[in-house]
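First comes the structure, then the notes that go with it.
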Amino acid sequence: MTTLYLARHGETVWHGEHRYAGSSDIELTGHGLSQADELAEWASRARLSAVVSSTLSRARLTAEPAASAAGVELRTDPRLVEIDFGAGEGLGPSELAERMPAEWAAFERHPARQPLPGGEAGVEGIARARPALQELVDEFGIGPGTVGGSAASQQGDRVLVVMHGTLMRLLICDWLGIDPDRYRDLFPEVENCGLTPVRFELLEGRMQPRLIGFNLRTAR
């Protein structure tokens, strides 16, 4: 089996103001950098086979210390970038409600299917990112034997994926067979650098996902 440890990047300068940061390349705060160091401390003892991140700097700078601590080279994948919020980038909910009330109301009703003006629908983000994670499962889930020349652990390979809160919640819904329009209600908050482990096990001839934790500070 393979376990993907999904982690949202560290805190950004827009975090405290609850501004939408999707495709915008927003920098980490000092606290966000400290959170990345805490994630690296976990990574140093997590027996990771790989560390992968979105190409956006807030994810990459969060992942780099973890990759170094785990003794692996950081891999980046543009398919893991956050949902593009279009005209909503940099705005908070109250500003969106004031500037584009009809569009904001439509987004709130169907957040995975009705994007903000000029933005990307959440279901499109799922279709973009799902293959990237499936490729990791395929690469690191090649059964018993060896991975990279060393014996696989009894718990299988473990991969840290540093990404983004909205895309992560959408993918979890997709894996679990939940209507993605419910992602905000079912998973209202994703903590910066919290760990969400998803274990993929071979069942009925294919690797199937099992959510084994959410927003964990110390993952098993």
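By order in the structure tokens, chains are A, B, ...; within a chain, residues start at 1; ligands start at 1, following the order shown.
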
- List the neighbours of A:Glu17 out to 12 Å using only C-alpha atoms; skip same-chain residues closer than 4 positions along the sequence, and give me the result as a PyMOL selection string. chain A and resi 11-13+21+90-95

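Excluding stretch 69-74 of chain A itself and any same-chain residue fewer than 5 positions from it, the protein and nucleic acid residues within 6 Å of it, counting only C-alpha atoms, are Ala40, Ala43, Ser44, Val51 and Val52 of chain A.
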
- Can you tell me, as a PyMOL selection string, what residues are no more than 9 Å from A:Gly122 when counting only C-alpha atoms, ignoring any on the same chain fewer than 4 positions away? chain A and resi 83-84+111-115+126-127+166-167+170+180-181

For the selection just defined, write its residues with C-alpha atoms to a file, as a CSV table (one decimal), in the first residue's frame.
chain,number,residue,atom,x,y,z
A,83,ILE,CA,-7.9,26.4,-7.8
A,84,ASP,CA,-7.9,29.7,-9.7
A,111,PRO,CA,-18.6,26.0,-5.0
A,112,ALA,CA,-17.2,23.1,-7.0
A,113,ARG,CA,-19.3,23.7,-10.1
A,114,GLN,CA,-19.9,27.5,-10.3
A,115,PRO,CA,-16.6,29.3,-10.4
A,126,ILE,CA,-10.1,17.7,-9.5
A,127,ALA,CA,-9.7,16.5,-13.1
A,166,THR,CA,-9.4,24.0,-1.5
A,167,LEU,CA,-7.9,21.6,-3.9
A,170,LEU,CA,-12.1,18.7,-3.4
A,180,PRO,CA,-17.7,18.0,-4.3
A,181,ASP,CA,-20.1,20.9,-3.8

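The closest residue to A:Ala129, picked from A:Glu103, A:Glu27, A:Asp77, A:Asp37 and counting only C-alpha atoms, is A:Asp77.
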
- Item | Test item: residues at most 6 Å from A:Val198, only C-alpha atoms, excluding those fewer than 5 positions along its chain, as a ChimeraX atom specification | /A:3-4,210-212

- Query: Suppose you want the space between atom CA of A:Arg199 and atom CA of A:Thr2; what is it in Å?
  - Reply: 5.8 Å
